[in-house]
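Below is one structure, written out as structure tokens; comments come after it.
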Amino acid sequence: GSQPKERYRLPRAWCLHLYRYHARLWVDGKLFSIQPGSVTVLPPDVELDYRFEGRSEHTYVHFNPAAREGGAGSRESTPRVKELSHWEPSRFALLEATLREAVGWFGGSPRRAEVRVWDVLWQVVSGPDACEPRVLLKTAADRAGEYHGLAMERLTSAIELRLAEPIRVDQLLDELGLGLSYNQTLRVFRQHTGGSIIAYIRRRRVERARHLLVRTSIPIKVVALQVGVPDLQAFNKLIRHTTGLSPRALRERG
């Protein structure tokens, strides 16, 4: 059959991609060879044209770095990065784990996630040879409140990383093994977020969909897939119910 492909541009956002597959990528007509361990940082408003080879799985973030205010001696706050770099497997795995950690924090701790993304970007700026393995140690919390906070952080992180997939709450909790009963988890989650787990998942899907609709030109049907609502009718209903606009109208309003 034909080789899977995808073409789009992100008018307002930079894009950091960590790849685990082989592909060819044209950036405004310039060809790059993608392979497992490749890292790209791409500026806004360039046409990206991918040709995939097999399963295409990657970790990515879209970001919009604010420029530092001008003044005598001020410097640009956005790091100048290489267009493409290739990382040794163990160092790439560390870099990807750090970025996935950041992605997991976006729902509950967005500022913390942003700091983590900048950490990844500076590692990319420094290049593959400058990234030394680091281990972050955590001790078990003694007080129940601290333990619950860590448990909810794990839960919201897992949700964030699975937004593109069907999520069954009972199955997810079984997999995570948080050490709390089902009812305890629901109660503690409501205390920490002000709502139910189902409502939180729905809200995060809408927020991610809004970002992709407004900040990128990714087709609406692909956006629906990326937020775990592949049925277009259900996706339209969810966006309209939450924002008062259809996905197309939301994209046009910007």
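Residue names in the structure tokens use chain letters A, B, ... in the order shown, residue numbers from 1 in each chain, and ligand numbers from 1 in the order shown.
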Excluding Arg154 in chain A and its own-chain neighbours fewer than 2 positions away, which residues fall within 10 Å of it when counting only C-alpha atoms? Please give them as a PDB file with C-alpha atoms, in the first residue's frame.
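In the end it all went to around-v8.pdb:
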ATOM      1  CA  GLU A 101       7.307  13.504  32.710  1.00  0.00           C
ATOM      2  CA  GLY A 104       2.281  14.271  32.366  1.00  0.00           C
ATOM      3  CA  TRP A 105       2.439  17.439  34.479  1.00  0.00           C
ATOM      4  CA  HIS A 148      -2.315  11.443  48.512  1.00  0.00           C
ATOM      5  CA  GLY A 149      -0.703  14.334  46.659  1.00  0.00           C
ATOM      6  CA  LEU A 150       1.913  12.033  45.130  1.00  0.00           C
ATOM      7  CA  ALA A 151      -0.773   9.494  44.221  1.00  0.00           C
ATOM      8  CA  MET A 152      -2.882  12.142  42.474  1.00  0.00           C
ATOM      9  CA  THR A 156      -3.062  12.958  36.470  1.00  0.00           C
ATOM     10  CA  SER A 157       0.265  12.242  34.761  1.00  0.00           C
ATOM     11  CA  ALA A 158      -1.008   8.860  33.535  1.00  0.00           C
ATOM     12  CA  ILE A 159      -4.196  10.493  32.243  1.00  0.00           C
ATOM     13  CA  GLU A 160      -2.199  13.155  30.393  1.00  0.00           C
ATOM     14  CA  LEU A 176      -1.277   2.276  38.664  1.00  0.00           C
ATOM     15  CA  LEU A 178      -1.907   3.748  44.002  1.00  0.00           C
TER      16      LEU A 178
END
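Counting only C-alpha atoms, range 210-226 of chain A has the following residues at most 6 Å away, ignoring those fewer than 3 positions along the same chain: Tyr8, Arg9, Leu10, Arg12, Ala164, Val206, Glu207, Val229, Pro230, Arg251 and Gly254 of chain A.
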Output of the above residues as an mmCIF file, in the first residue's frame, restricted to N, CA and C atoms:
data_model
loop_
_atom_site.group_PDB
_atom_site.id
_atom_site.type_symbol
_atom_site.label_atom_id
_atom_site.label_comp_id
_atom_site.auth_asym_id
_atom_site.auth_seq_id
_atom_site.Cartn_x
_atom_site.Cartn_y
_atom_site.Cartn_z
ATOM 1 N N TYR A 8 1.366 19.257 7.555
ATOM 2 C CA TYR A 8 0.692 20.322 8.304
ATOM 3 C C TYR A 8 1.706 21.420 8.628
ATOM 4 N N ARG A 9 1.223 22.524 9.186
ATOM 5 C CA ARG A 9 2.097 23.561 9.710
ATOM 6 C C ARG A 9 1.517 24.076 11.010
ATOM 7 N N LEU A 10 2.370 24.602 11.872
ATOM 8 C CA LEU A 10 1.952 25.151 13.146
ATOM 9 C C LEU A 10 2.202 26.656 13.091
ATOM 10 N N ARG A 12 1.682 29.182 15.012
ATOM 11 C CA ARG A 12 2.073 29.994 16.169
ATOM 12 C C ARG A 12 2.999 29.288 17.151
ATOM 13 N N ALA A 164 -4.943 10.296 24.185
ATOM 14 C CA ALA A 164 -5.267 9.856 22.827
ATOM 15 C C ALA A 164 -5.875 8.461 22.804
ATOM 16 N N VAL A 206 -10.646 18.445 25.984
ATOM 17 C CA VAL A 206 -11.108 19.674 25.339
ATOM 18 C C VAL A 206 -9.981 20.697 25.277
ATOM 19 N N GLU A 207 -9.203 20.824 26.355
ATOM 20 C CA GLU A 207 -8.115 21.797 26.375
ATOM 21 C C GLU A 207 -7.050 21.448 25.339
ATOM 22 N N VAL A 229 -11.105 10.943 20.970
ATOM 23 C CA VAL A 229 -12.525 10.959 20.604
ATOM 24 C C VAL A 229 -12.606 10.767 19.089
ATOM 25 N N PRO A 230 -12.359 9.552 18.599
ATOM 26 C CA PRO A 230 -12.254 9.338 17.153
ATOM 27 C C PRO A 230 -13.560 9.508 16.394
ATOM 28 N N ARG A 251 -11.519 26.997 15.391
ATOM 29 C CA ARG A 251 -10.258 27.175 14.648
ATOM 30 C C ARG A 251 -10.286 28.522 13.903
ATOM 31 N N GLY A 254 -9.771 31.400 16.313
ATOM 32 C CA GLY A 254 -8.381 31.506 16.752
ATOM 33 C C GLY A 254 -8.247 31.976 18.180
#
Requested in this report: Tell me, in Å to one decimal, how far CA of Leu186 in chain A is from CA of Thr59 in chain A.
Outcome: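 Going from CA of Leu186 in chain A over to CA of Thr59 in chain A, I get 29.1 Å.
Using only C-alpha atoms, the shortest contact distance between Gln123 in chain A and any of A:Asp170, A:Arg162, A:Pro89, A:Val39 is found at A:Val39.
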Requested in this report: Between CA of Glu57 in chain A and CA of Ala23 in chain A, measure the distance and give it in Å to one decimal.
Outcome: 10.9 Å
Report task. Write out as a list of chain:residue names the residues lying within 12 Å of Asn64 in chain A, counting only C-alpha atoms and excluding same-chain residues fewer than 6 positions away. Result ->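 Here the answer would be A:Leu10, A:Pro11, A:Arg12, A:Ala13, A:Trp14, A:Cys15, A:Leu16, A:Leu42, A:Pro43, A:Pro44, A:Ser77, A:Thr78, A:Glu114, A:Val117, A:Trp118, A:His211, A:Arg215.
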**Report entry** Nearest residue to Val120 in chain A from the set A:Phe32, A:Phe189, A:Tyr147, A:Tyr60 (distances using only C-alpha atoms)
**Finding:** A:Tyr60
Requested in this report: From a DSSP calculation on the backbone, collect every residue of range 46-232 of chain A in helix (DSSP H, G or I) and output the set as a VMD selection string.
Outcome: chain A and resid 89 to 105 110 to 126 128 to 130 144 to 161 169 to 176 182 to 193 197 to 215 220 to 226 232
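The two atoms in question, CA of Pro36 in chain A and CA of Asp119 in chain A, are spaced 21.2 Å apart.
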Query raised in the report: Which one is closest to Leu173 in chain A: A:Tyr19, A:Arg190, A:Leu155, A:His58? Count only C-alpha atoms.
Result: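 Of A:Tyr19, A:Arg190, A:Leu155, A:His58, the one nearest Leu173 in chain A, counting only C-alpha atoms, is A:Leu155.
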Hey, what's within 10 Å of Gly54 in chain A if we count only C-alpha atoms and toss same-chain stuff fewer than 4 positions away? As a compact mmCIF listing (two decimals) with all heavy atoms, in the first residue's frame, please?
# COMPACT_ATOMS: atom_id res chain seq x y z
N GLN A 3 2.68 4.68 1.29
CA GLN A 3 3.39 4.99 2.53
C GLN A 3 2.59 6.02 3.33
O GLN A 3 2.16 7.04 2.80
CB GLN A 3 4.77 5.55 2.19
CG GLN A 3 5.69 5.69 3.37
CD GLN A 3 7.06 6.18 2.94
OE1 GLN A 3 7.17 7.05 2.08
NE2 GLN A 3 8.10 5.63 3.52
N PRO A 4 2.35 5.76 4.65
CA PRO A 4 1.61 6.73 5.46
C PRO A 4 2.30 8.09 5.44
O PRO A 4 3.54 8.17 5.46
CB PRO A 4 1.66 6.11 6.87
CG PRO A 4 1.90 4.66 6.64
CD PRO A 4 2.73 4.56 5.41
N TYR A 21 11.04 6.09 15.47
CA TYR A 21 10.73 5.37 14.24
C TYR A 21 11.54 5.96 13.08
O TYR A 21 12.22 6.98 13.23
CB TYR A 21 9.24 5.45 13.92
CG TYR A 21 8.69 6.86 13.83
CD1 TYR A 21 8.74 7.58 12.64
CD2 TYR A 21 8.11 7.47 14.94
CE1 TYR A 21 8.23 8.86 12.55
CE2 TYR A 21 7.59 8.75 14.86
CZ TYR A 21 7.66 9.44 13.66
OH TYR A 21 7.16 10.71 13.58
N HIS A 22 11.47 5.30 11.95
CA HIS A 22 12.13 5.77 10.74
C HIS A 22 11.13 6.56 9.89
O HIS A 22 9.97 6.16 9.75
CB HIS A 22 12.68 4.60 9.92
CG HIS A 22 13.82 3.88 10.59
ND1 HIS A 22 15.12 4.30 10.47
CD2 HIS A 22 13.83 2.78 11.39
CE1 HIS A 22 15.90 3.48 11.16
NE2 HIS A 22 15.15 2.55 11.72
N ALA A 23 11.59 7.66 9.34
CA ALA A 23 10.72 8.47 8.48
C ALA A 23 11.58 9.43 7.67
O ALA A 23 12.78 9.61 7.95
CB ALA A 23 9.70 9.25 9.31
Report task. Give the strand (DSSP E) residues of range 26-211 of chain A, as assigned by DSSP on the backbone, as a ChimeraX atom specification. Result -> /A:26-27,30-34,38-42,47-53,58-63,84-86
